[in-house]
$ cat run-v1.cif   # mmCIF, C-alpha atoms and all ligand atoms
data_target
#
loop_
_atom_site.label_atom_id
_atom_site.label_comp_id
_atom_site.auth_asym_id
_atom_site.auth_seq_id
_atom_site.Cartn_x
_atom_site.Cartn_y
_atom_site.Cartn_z
CA MET S 1 -32.04 26.36 -19.83
CA GLU S 2 -30.74 24.36 -16.92
CA PRO S 3 -27.90 22.04 -17.88
CA GLN S 4 -29.08 18.49 -18.28
CA THR S 5 -27.85 16.13 -15.62
CA ALA S 6 -28.15 12.44 -14.95
CA ALA S 7 -31.19 13.23 -12.79
CA ASP S 8 -33.12 14.32 -15.91
CA GLY S 9 -33.12 10.90 -17.51
CA PRO S 10 -31.49 7.50 -17.49
CA PRO S 11 -28.21 7.08 -15.57
CA LEU S 12 -25.48 8.90 -17.42
CA THR S 13 -22.73 6.83 -19.02
CA TYR S 14 -20.23 9.34 -20.34
CA LEU S 15 -17.95 7.77 -22.94
CA ASP S 16 -16.83 10.89 -24.81
CA HIS S 17 -13.70 11.91 -22.91
CA ALA S 18 -11.81 12.70 -26.12
CA ALA S 19 -14.36 15.45 -26.80
CA SER S 20 -14.11 16.93 -23.32
CA THR S 21 -13.59 15.77 -19.76
CA PRO S 22 -15.38 16.51 -16.48
CA VAL S 23 -13.50 19.24 -14.63
CA ARG S 24 -11.63 17.82 -11.66
CA ASP S 25 -12.55 19.02 -8.14
CA GLU S 26 -9.00 20.13 -7.40
CA VAL S 27 -9.03 22.22 -10.58
CA VAL S 28 -12.25 23.99 -9.58
CA GLU S 29 -10.76 24.62 -6.15
CA ALA S 30 -7.47 25.94 -7.53
CA MET S 31 -9.23 28.27 -9.98
CA ALA S 32 -11.82 29.62 -7.55
CA PRO S 33 -9.74 32.45 -5.97
CA PHE S 34 -9.15 33.98 -9.41
CA ALA S 35 -12.86 34.36 -10.01
CA ALA S 36 -13.20 36.45 -6.86
CA GLN S 37 -10.43 37.54 -4.48
CA VAL S 38 -7.41 37.59 -6.80
CA PHE S 39 -8.62 39.70 -9.69
CA GLY S 40 -5.58 41.88 -10.37
CA HIS S 41 -3.98 42.37 -13.77
CA PRO S 42 -0.82 40.25 -13.69
CA SER S 43 1.20 42.96 -15.43
CA GLY S 44 0.50 45.58 -12.74
CA HIS S 45 2.60 46.87 -9.86
CA HIS S 46 0.61 46.46 -6.66
CA ARG S 47 -0.23 43.60 -4.33
CA GLN S 48 -3.31 42.47 -6.25
CA ALA S 49 -1.29 42.37 -9.46
CA ARG S 50 1.61 40.62 -7.76
CA ALA S 51 -0.66 37.91 -6.41
CA ALA S 52 -2.08 37.28 -9.88
CA ARG S 53 1.40 37.33 -11.44
CA GLN S 54 2.76 34.93 -8.84
CA ALA S 55 -0.06 32.46 -9.58
CA LEU S 56 0.53 32.80 -13.32
CA GLU S 57 4.27 32.22 -13.02
CA ASP S 58 3.77 29.29 -10.64
CA ALA S 59 1.42 27.77 -13.22
CA ARG S 60 3.99 28.37 -15.94
CA ASP S 61 6.75 26.71 -13.88
CA GLN S 62 4.51 23.73 -13.25
CA VAL S 63 3.45 23.28 -16.90
CA ALA S 64 7.07 23.67 -18.05
CA GLY S 65 8.32 21.10 -15.54
CA LEU S 66 5.65 18.60 -16.54
CA LEU S 67 6.39 18.98 -20.25
CA GLY S 68 10.19 18.95 -19.93
CA ALA S 69 10.51 22.61 -20.96
CA ALA S 70 11.90 25.79 -19.44
CA PRO S 71 9.33 28.22 -18.00
CA GLY S 72 10.19 30.83 -20.65
CA GLU S 73 9.27 28.31 -23.34
CA VAL S 74 5.61 28.06 -22.24
CA VAL S 75 3.13 30.33 -24.04
CA PHE S 76 -0.37 30.29 -22.54
CA THR S 77 -3.14 30.30 -25.15
CA ALA S 78 -6.93 30.12 -25.22
CA GLY S 79 -6.94 26.37 -25.88
CA GLY S 80 -5.55 23.77 -28.24
CA THR S 81 -6.83 25.30 -31.46
CA GLU S 82 -5.07 28.57 -30.77
CA ALA S 83 -1.87 26.76 -29.77
CA ASP S 84 -1.91 24.81 -33.06
CA ASN S 85 -2.69 27.96 -35.05
CA LEU S 86 0.13 29.83 -33.34
CA ALA S 87 2.53 27.01 -34.22
CA VAL S 88 1.49 26.82 -37.88
CA PHE S 89 1.00 30.50 -38.71
CA GLY S 90 3.80 31.56 -36.40
CA VAL S 91 6.44 29.40 -38.08
CA LEU S 92 5.13 29.74 -41.64
CA GLY S 93 4.66 33.51 -41.37
CA ALA S 94 8.30 33.92 -40.38
CA ALA S 95 9.48 31.42 -43.03
CA SER S 96 7.46 33.06 -45.81
CA ARG S 97 8.90 36.48 -45.01
CA ARG S 98 12.44 35.11 -45.22
CA LEU S 99 11.94 33.60 -48.69
CA PRO S 100 13.65 35.21 -51.68
CA ALA S 101 11.29 36.45 -54.42
CA GLY S 102 9.72 33.45 -56.14
CA GLY S 103 11.08 31.07 -53.47
CA GLU S 104 9.04 28.22 -52.01
CA THR S 105 8.87 26.39 -48.73
CA VAL S 106 6.73 23.53 -47.54
CA VAL S 107 4.69 22.62 -44.48
CA ILE S 108 4.35 18.85 -44.14
CA SER S 109 1.51 17.49 -42.05
CA SER S 110 0.10 14.05 -41.53
CA SER S 111 -3.18 13.51 -43.35
CA VAL S 112 -4.95 12.71 -40.06
CA GLU S 113 -4.29 15.92 -38.12
CA HIS S 114 -7.09 17.64 -36.24
CA ALA S 115 -8.77 20.46 -38.18
CA ALA S 116 -6.94 22.95 -35.91
CA VAL S 117 -3.75 21.94 -37.73
CA LEU S 118 -5.03 20.89 -41.16
CA GLU S 119 -7.10 24.02 -41.67
CA ALA S 120 -4.28 26.21 -40.37
CA CYS S 121 -1.92 24.60 -42.92
CA ARG S 122 -4.44 24.96 -45.73
CA VAL S 123 -5.17 28.61 -44.97
CA ALA S 124 -1.49 29.44 -44.40
CA ALA S 125 -0.64 27.95 -47.81
CA ALA S 126 -3.44 29.96 -49.40
CA ARG S 127 -2.44 33.24 -47.73
CA LEU S 128 1.31 33.22 -47.40
CA PRO S 129 3.44 33.71 -50.54
CA GLY S 130 5.62 30.72 -51.40
CA VAL S 131 4.10 28.32 -48.83
CA GLU S 132 2.93 24.89 -50.00
CA HIS S 133 1.13 22.29 -47.92
CA GLU S 134 1.94 18.61 -48.33
CA ARG S 135 0.08 15.84 -46.54
CA VAL S 136 1.71 12.52 -45.72
CA GLY S 137 -0.63 9.56 -45.41
CA VAL S 138 -1.03 6.79 -42.85
CA ASP S 139 -1.39 3.02 -42.94
CA SER S 140 -4.61 1.11 -42.27
CA HIS S 141 -4.14 1.59 -38.50
CA GLY S 142 -3.58 5.31 -38.78
CA VAL S 143 0.21 5.21 -38.30
CA LEU S 144 2.20 7.76 -40.30
CA ASP S 145 4.00 6.47 -43.42
CA LEU S 146 7.62 7.25 -42.49
CA ASP S 147 8.95 6.38 -45.96
CA ARG S 148 6.65 8.93 -47.51
CA LEU S 149 7.66 11.43 -44.84
CA ALA S 150 11.33 10.84 -45.70
CA GLU S 151 10.58 11.54 -49.38
CA ALA S 152 8.59 14.65 -48.56
CA LEU S 153 11.47 16.00 -46.48
CA GLU S 154 13.50 16.74 -49.61
CA GLY S 155 13.70 20.42 -50.51
CA ASP S 156 13.00 23.47 -48.39
CA VAL S 157 10.77 22.43 -45.50
CA ALA S 158 9.75 25.08 -42.97
CA LEU S 159 7.51 23.01 -40.70
CA VAL S 160 6.68 19.38 -40.00
CA THR S 161 3.52 18.91 -37.96
CA VAL S 162 2.49 15.45 -36.76
CA MET S 163 0.08 14.88 -33.89
CA LEU S 164 1.23 12.74 -30.98
CA ALA S 165 -2.09 10.87 -30.84
CA ASN S 166 -5.15 11.02 -33.04
CA ASN S 167 -8.41 12.32 -31.65
CA GLU S 168 -10.70 9.99 -33.62
CA VAL S 169 -9.05 6.58 -33.56
CA GLY S 170 -6.45 7.23 -30.84
CA THR S 171 -3.39 6.05 -32.78
CA VAL S 172 -0.10 7.21 -31.25
CA GLN S 173 2.42 8.42 -33.84
CA PRO S 174 6.15 7.57 -33.83
CA LEU S 175 7.26 11.10 -32.97
CA ALA S 176 10.85 10.14 -32.09
CA GLU S 177 11.28 8.80 -35.63
CA VAL S 178 9.58 11.85 -37.12
CA VAL S 179 12.00 14.13 -35.26
CA SER S 180 15.10 12.18 -36.22
CA LEU S 181 14.05 12.02 -39.90
CA ALA S 182 13.36 15.74 -39.92
CA ARG S 183 16.70 16.55 -38.25
CA GLU S 184 18.57 14.36 -40.71
CA ARG S 185 16.87 15.43 -43.94
CA ALA S 186 15.61 18.93 -43.28
CA PRO S 187 17.67 20.33 -40.42
CA ARG S 188 16.11 23.79 -40.72
CA ALA S 189 12.56 22.50 -40.39
CA VAL S 190 10.67 23.22 -37.18
CA VAL S 191 8.83 20.18 -35.75
CA HIS S 192 5.44 20.69 -34.12
CA THR S 193 3.28 18.13 -32.37
CA ASP S 194 -0.35 18.49 -31.39
CA ALA S 195 -0.36 16.66 -28.05
CA VAL S 196 -3.90 17.73 -27.16
CA GLN S 197 -5.22 14.16 -26.93
CA ALA S 198 -1.99 12.50 -25.89
CA ALA S 199 -1.17 14.64 -22.85
CA ALA S 200 -3.81 12.94 -20.72
CA TRP S 201 -2.15 9.56 -21.22
CA LEU S 202 1.48 9.98 -22.21
CA ASP S 203 4.51 11.77 -20.79
CA VAL S 204 4.91 14.19 -23.68
CA ALA S 205 8.61 14.83 -23.05
CA LEU S 206 9.32 11.09 -23.40
CA ALA S 207 6.86 10.34 -26.20
CA ALA S 208 7.85 13.31 -28.38
CA PRO S 209 11.52 13.88 -27.57
CA GLY S 210 13.23 16.85 -29.14
CA VAL S 211 10.22 18.50 -30.82
CA ASP S 212 10.31 22.27 -31.13
CA LEU S 213 6.63 23.03 -30.53
CA VAL S 214 4.02 21.19 -28.44
CA ALA S 215 0.32 22.11 -28.17
CA ILE S 216 -1.86 21.07 -25.22
CA SER S 217 -5.39 21.88 -24.08
CA ALA S 218 -6.75 21.91 -20.52
CA HIS S 219 -10.25 20.60 -21.17
CA LYS S 220 -8.96 17.23 -22.35
CA LEU S 221 -7.24 16.79 -18.98
CA GLY S 222 -9.97 17.60 -16.48
CA GLY S 223 -9.28 21.33 -16.80
CA PRO S 224 -11.34 24.25 -18.08
CA LYS S 225 -12.26 24.94 -21.70
CA GLY S 226 -10.49 27.79 -23.44
CA ALA S 227 -7.12 27.27 -21.75
CA GLY S 228 -4.07 25.72 -23.34
CA ALA S 229 -0.42 26.22 -24.06
CA LEU S 230 2.16 26.02 -26.77
CA VAL S 231 5.67 25.05 -25.75
CA VAL S 232 8.09 26.96 -27.97
CA ARG S 233 11.62 25.67 -27.76
CA GLU S 234 14.12 28.50 -27.20
CA GLY S 235 15.44 29.81 -30.51
CA THR S 236 12.42 28.79 -32.60
CA GLU S 237 11.43 31.62 -34.88
CA LEU S 238 7.73 32.33 -34.39
CA GLU S 239 5.57 35.29 -35.37
CA PRO S 240 2.74 36.12 -32.96
CA LEU S 241 -0.85 35.53 -34.05
CA VAL S 242 -2.27 37.98 -31.53
CA VAL S 243 -0.44 41.28 -31.15
CA GLY S 244 -1.00 44.06 -28.66
CA GLY S 245 0.55 44.51 -25.23
CA GLY S 246 3.48 42.15 -25.85
CA GLN S 247 2.57 39.59 -23.18
CA GLU S 248 4.13 36.13 -23.23
CA ARG S 249 7.45 37.56 -24.43
CA GLU S 250 5.82 39.05 -27.54
CA ARG S 251 4.45 35.66 -28.61
CA ARG S 252 0.81 36.07 -27.49
CA ALA S 253 -0.61 39.43 -26.50
CA GLY S 254 -3.63 39.96 -24.26
CA THR S 255 -4.32 40.11 -20.53
CA HIS S 256 -3.70 36.66 -19.13
CA ASP S 257 -6.43 34.25 -18.19
CA VAL S 258 -4.85 33.57 -14.81
CA ALA S 259 -7.59 31.18 -13.69
CA GLY S 260 -7.24 29.23 -16.96
CA ALA S 261 -3.47 28.94 -16.59
CA VAL S 262 -3.87 27.77 -12.97
CA GLY S 263 -6.54 25.29 -14.09
CA LEU S 264 -4.33 23.95 -16.86
CA ALA S 265 -1.35 23.52 -14.54
CA THR S 266 -3.44 21.83 -11.84
CA ALA S 267 -5.05 19.46 -14.34
CA LEU S 268 -1.76 18.55 -15.99
CA GLY S 269 -0.19 17.97 -12.58
CA ALA S 270 -3.02 15.66 -11.55
CA VAL S 271 -2.99 13.58 -14.75
CA SER S 272 0.79 13.31 -14.61
CA ARG S 273 0.65 11.91 -11.07
CA GLU S 274 -2.06 9.39 -11.92
CA ARG S 275 -1.07 8.59 -15.50
CA ASP S 276 0.57 5.18 -15.11
CA GLU S 277 -2.09 3.71 -12.87
CA GLU S 278 -4.99 5.29 -14.76
CA GLY S 279 -3.61 4.16 -18.11
CA LEU S 280 -3.66 0.53 -17.00
CA ARG S 281 -7.07 0.78 -15.33
CA VAL S 282 -8.71 2.53 -18.28
CA ALA S 283 -7.08 0.29 -20.91
CA ALA S 284 -8.50 -2.76 -19.11
CA LEU S 285 -11.98 -1.20 -19.15
CA ARG S 286 -11.55 -0.25 -22.80
CA ASP S 287 -10.54 -3.83 -23.65
CA ARG S 288 -13.59 -5.16 -21.84
CA LEU S 289 -15.80 -2.77 -23.83
CA ALA S 290 -14.18 -3.46 -27.22
CA ASP S 291 -14.01 -7.23 -26.76
CA GLY S 292 -17.54 -7.30 -25.37
CA LEU S 293 -18.98 -5.40 -28.32
CA LEU S 294 -16.97 -7.35 -30.90
CA HIS S 295 -18.35 -10.50 -29.33
CA ALA S 296 -21.95 -9.39 -28.84
CA VAL S 297 -22.59 -7.54 -32.09
CA PRO S 298 -22.19 -9.16 -35.51
CA SER S 299 -20.31 -7.34 -38.28
CA VAL S 300 -18.27 -4.90 -36.22
CA THR S 301 -14.70 -3.90 -37.04
CA GLU S 302 -12.14 -2.13 -34.90
CA ALA S 303 -10.59 0.84 -36.70
CA ALA S 304 -7.04 0.75 -35.34
CA ASP S 305 -4.61 -1.70 -33.76
CA ARG S 306 -5.31 -1.56 -30.02
CA LYS S 307 -1.63 -1.95 -29.20
CA SER S 308 -0.87 1.44 -30.73
CA VAL S 309 -3.81 3.50 -29.50
CA LEU S 310 -4.35 5.58 -26.37
CA PRO S 311 -5.78 3.63 -23.39
CA GLY S 312 -9.14 5.39 -23.48
CA HIS S 313 -9.94 4.98 -27.17
CA CYS S 314 -12.28 2.38 -28.62
CA HIS S 315 -13.29 3.12 -32.19
CA LEU S 316 -15.66 0.66 -33.84
CA CYS S 317 -17.44 0.52 -37.19
CA PHE S 318 -20.89 -1.10 -37.07
CA ALA S 319 -21.89 -2.38 -40.51
CA ALA S 320 -25.30 -1.37 -41.86
CA VAL S 321 -25.83 1.31 -39.22
CA ASP S 322 -25.93 5.08 -39.56
CA ARG S 323 -23.61 6.48 -36.91
CA GLU S 324 -25.67 9.62 -36.31
CA GLU S 325 -28.77 7.55 -35.67
CA LEU S 326 -26.83 5.31 -33.32
CA VAL S 327 -25.48 8.30 -31.36
CA VAL S 328 -29.04 9.60 -30.90
CA LEU S 329 -30.38 6.23 -29.83
CA LEU S 330 -27.54 5.72 -27.36
CA ASP S 331 -28.05 9.22 -25.99
CA GLU S 332 -31.70 8.40 -25.35
CA ALA S 333 -30.46 5.48 -23.29
CA GLY S 334 -28.04 7.76 -21.40
CA VAL S 335 -24.86 6.64 -23.17
CA CYS S 336 -22.85 9.60 -24.50
CA VAL S 337 -20.54 8.74 -27.41
CA SER S 338 -19.33 10.46 -30.53
CA ALA S 339 -19.78 9.75 -34.21
CA GLY S 340 -16.46 11.30 -35.17
CA ALA S 341 -15.26 14.85 -35.52
CA ALA S 342 -18.13 17.25 -34.97
CA CYS S 343 -17.78 20.78 -36.28
CA ALA S 344 -19.18 23.87 -34.55
CA SER S 345 -22.63 23.36 -36.09
CA GLY S 346 -22.76 19.91 -34.53
CA ALA S 347 -22.95 18.34 -37.99
CA VAL S 348 -20.93 15.16 -38.35
CA GLU S 349 -18.43 15.51 -41.16
CA PRO S 350 -17.23 12.55 -43.21
CA SER S 351 -14.07 11.42 -41.43
CA HIS S 352 -10.84 12.36 -43.22
CA VAL S 353 -9.04 10.15 -40.71
CA LEU S 354 -10.92 6.98 -41.66
CA ALA S 355 -10.67 7.90 -45.36
CA SER S 356 -6.87 8.26 -44.97
CA MET S 357 -6.76 4.83 -43.32
CA GLY S 358 -8.49 3.38 -46.37
CA VAL S 359 -11.76 2.61 -44.56
CA PRO S 360 -14.49 2.48 -47.22
CA ALA S 361 -17.17 5.17 -46.86
CA THR S 362 -19.83 2.48 -46.41
CA VAL S 363 -17.97 1.14 -43.35
CA ALA S 364 -17.11 4.61 -42.00
CA ARG S 365 -20.82 5.42 -42.06
CA GLY S 366 -21.26 3.22 -38.99
CA SER S 367 -18.23 4.46 -37.02
CA ILE S 368 -18.57 5.26 -33.35
CA ARG S 369 -15.90 6.59 -30.99
CA PHE S 370 -16.19 5.48 -27.38
CA THR S 371 -13.63 7.28 -25.24
CA LEU S 372 -13.07 6.43 -21.60
CA GLY S 373 -11.44 8.54 -18.94
CA ARG S 374 -10.79 9.17 -15.28
CA THR S 375 -14.44 9.01 -14.24
CA THR S 376 -15.24 5.82 -16.20
CA THR S 377 -16.22 2.90 -13.98
CA PRO S 378 -16.78 -0.82 -14.63
CA ALA S 379 -20.51 -0.09 -14.24
CA ASP S 380 -20.32 2.34 -17.19
CA ILE S 381 -18.83 -0.38 -19.35
CA GLU S 382 -21.44 -2.95 -18.31
CA ARG S 383 -24.13 -0.43 -19.11
CA ALA S 384 -22.70 0.30 -22.54
CA LEU S 385 -22.42 -3.45 -23.15
CA ALA S 386 -26.07 -3.82 -22.27
CA VAL S 387 -27.30 -0.87 -24.32
CA VAL S 388 -25.21 -0.79 -27.51
CA PRO S 389 -25.99 -4.26 -28.95
CA GLU S 390 -29.70 -3.61 -28.49
CA ALA S 391 -29.51 -0.21 -30.15
CA VAL S 392 -27.54 -1.60 -33.12
CA ALA S 393 -30.03 -4.44 -33.49
CA ARG S 394 -32.90 -1.97 -33.43
CA LEU S 395 -31.36 0.15 -36.18
CA ARG S 396 -30.53 -2.88 -38.28
CA GLY S 397 -33.98 -4.32 -37.73
N1 LIG K 1 -6.15 18.98 -31.45
C1 LIG K 1 -6.75 17.82 -31.14
C2 LIG K 1 -6.05 16.53 -31.46
C3 LIG K 1 -8.00 17.81 -30.54
O1 LIG K 1 -8.59 16.65 -30.24
C4 LIG K 1 -8.62 19.06 -30.25
C5 LIG K 1 -9.97 19.10 -29.65
O2 LIG K 1 -10.80 18.27 -29.95
C6 LIG K 1 -7.95 20.24 -30.57
C7 LIG K 1 -6.71 20.16 -31.17
C8 LIG K 1 -8.53 21.57 -30.27
O3 LIG K 1 -8.41 21.89 -28.91
P1 LIG K 1 -9.40 22.96 -28.23
O4 LIG K 1 -10.73 22.26 -28.11
O5 LIG K 1 -8.78 23.24 -26.90
O6 LIG K 1 -9.45 24.15 -29.10
#

$ encode --input "run-v1.cif" --output "structure tokens" --more "lines below"
Ligand code: PLP
Amino acid sequence: MEPQTAADGPPLTYLDHAASTPVRDEVVEAMAPFAAQVFGHPSGHHRQARAARQALEDARDQVAGLLGAAPGEVVFTAGGTEADNLAVFGVLGAASRRLPAGGETVVISSSVEHAAVLEACRVAAARLPGVEHERVGVDSHGVLDLDRLAEALEGDVALVTVMLANNEVGTVQPLAEVVSLARERAPRAVVHTDAVQAAAWLDVALAAPGVDLVAISAHKLGGPKGAGALVVREGTELEPLVVGGGQERERRAGTHDVAGAVGLATALGAVSRERDEEGLRVAALRDRLADGLLHAVPSVTEAADRKSVLPGHCHLCFAAVDREELVVLLDEAGVCVSAGAACASGAVEPSHVLASMGVPATVARGSIRFTLGRTTTPADIERALAVVPEAVARLRG
């Protein structure tokens, strides 16, 4: 089947950048040689291999520089989910093996983590002897409860994992406070942050200072799917998830996806250059969209405090509307949005994020995530403002 394009239907208004972003032209260009001319195995010993290795190490240097890390601290992975899994299983596997017989250790996560972290914590606690998983809740805007975190940090804590920004509602977490609480109360704990959503909008090194592990994903930045990285601060004990040829300094085996690493580095470089300007531009468009919809549609609530969310996020709950029906209706009109976290089957799960924020299920039923990005224009927003009120009225009618 040919991919559907704007030419197949109404003009396309893509407001789902938190799900995935259009790949940037410079990324396609930078990756192209590795699909054809430069095909060597980067671990080899001839000119083809050297060319591939040089590109891989240049990409590593670039990613490290942009994230405030040393090149040796960057582990390339096949995306954000793998980076999060490597962080969780890697730290907890090592911690569990160190425990004395009958000993216990804890992984603390926020209650609003992406499934890549929450499921990894749940499965790690189920599989690894002595590992318990504790979730710390959030307030009504999705901000982590630091008092509860402080309480949870008593005892033996192996890992604290708190995302830098939430994928559903966009709330940015106070990572500097999380790190200083963890250092003060559980100095042996490793601190991980899932910066998959945040990296497009925030300077991770400034927004999450002093964390031990940082996960990013290229396709949220205008890069390719299936490419990501975990920054592993020197000295952090981490067991590999994937073993084999010992690549990535024994932290992630497997022949490198050179094109993916180059794509990730190019995308991260581009967003970092444009971040300040784009953040302001996109936040203004987001405000126009949110204010416009709050004004034009009765009985709409905004999930989180706009002051503490990423510039591209606009999460609204439309009373007396089924979100899945609204997504379909908007899609028919060419407006692509999301009803929350979709699993692989495409089914929309009840949102654990909204539940944690205390949003009643009846309100969450009408929740829609509009996420703006680099390609969003004022015309997109005007189109959404024209289409959404009508679609909501139709469903309510
Ligand atoms: N973490 C967050 C916060 C995300 O939003 C996502 C993707 O939606 C992931 C992790 C998973 O990243 P990937 O799609 O690269 O596996």

$ closest_residue --input "run-v1.cif" --among "S:Gln37, S:Ser20, S:Thr81, S:Thr266" --to "ligand LIG 1 (chain K)" --atoms "all atoms listed in the file"
S:Thr81

$ residues_near_ligand --input "run-v1.cif" --ligand "ligand LIG 1 (chain K)" --cutoff "7 Å" --atoms "all atoms listed in the file" --output "tab-separated table (two decimals) with C-alpha atoms, in the coordinates of the input"
chain	number	residue	atom	x	y	z
S	18	ALA	CA	-11.81	12.70	-26.12
S	19	ALA	CA	-14.36	15.45	-26.80
S	79	GLY	CA	-6.94	26.37	-25.88
S	80	GLY	CA	-5.55	23.77	-28.24
S	81	THR	CA	-6.83	25.30	-31.46
S	82	GLU	CA	-5.07	28.57	-30.77
S	84	ASP	CA	-1.91	24.81	-33.06
S	113	GLU	CA	-4.29	15.92	-38.12
S	114	HIS	CA	-7.09	17.64	-36.24
S	116	ALA	CA	-6.94	22.95	-35.91
S	163	MET	CA	0.08	14.88	-33.89
S	165	ALA	CA	-2.09	10.87	-30.84
S	166	ASN	CA	-5.15	11.02	-33.04
S	167	ASN	CA	-8.41	12.32	-31.65
S	194	ASP	CA	-0.35	18.49	-31.39
S	195	ALA	CA	-0.36	16.66	-28.05
S	196	VAL	CA	-3.90	17.73	-27.16
S	197	GLN	CA	-5.22	14.16	-26.93
S	217	SER	CA	-5.39	21.88	-24.08
S	218	ALA	CA	-6.75	21.91	-20.52
S	219	HIS	CA	-10.25	20.60	-21.17
S	225	LYS	CA	-12.26	24.94	-21.70
S	226	GLY	CA	-10.49	27.79	-23.44
S	227	ALA	CA	-7.12	27.27	-21.75
S	228	GLY	CA	-4.07	25.72	-23.34

$ atom_distance --input "run-v1.cif" --atom1 "atom CA of Val172 of chain S" --atom2 "atom CA of Glu239 of chain S"
28.9 Å

$ atom_distance --input "run-v1.cif" --atom1 "atom CA of Ala115 of chain S" --atom2 "atom CA of Gly90 of chain S"
16.9 Å

$ residues_near_point --input "run-v1.cif" --point "(-2.9, 2.1, -27.6)" --cutoff "10 Å" --atoms "all atoms listed in the file" --output "list in words"
Ala165, Val169, Gly170, Thr171, Val172, Trp201, Gly279, Ala283, Ala304, Asp305, Arg306, Lys307, Ser308, Val309, Leu310, Pro311, Gly312, His313 and Cys314 of chain S

$ residues_around --input "run-v1.cif" --residues "Asp212 of chain S" --least-positions-apart "6" --cutoff "6 Å" --atoms "only C-alpha atoms" --output "PyMOL selection string"
chain S and resi 191-192+233

$ residues_around --input "run-v1.cif" --residues "Arg53 of chain S" --least-positions-apart "4" --cutoff "7 Å" --atoms "only C-alpha atoms" --output "number ranges by chain"
S: 42-43, 49, 57
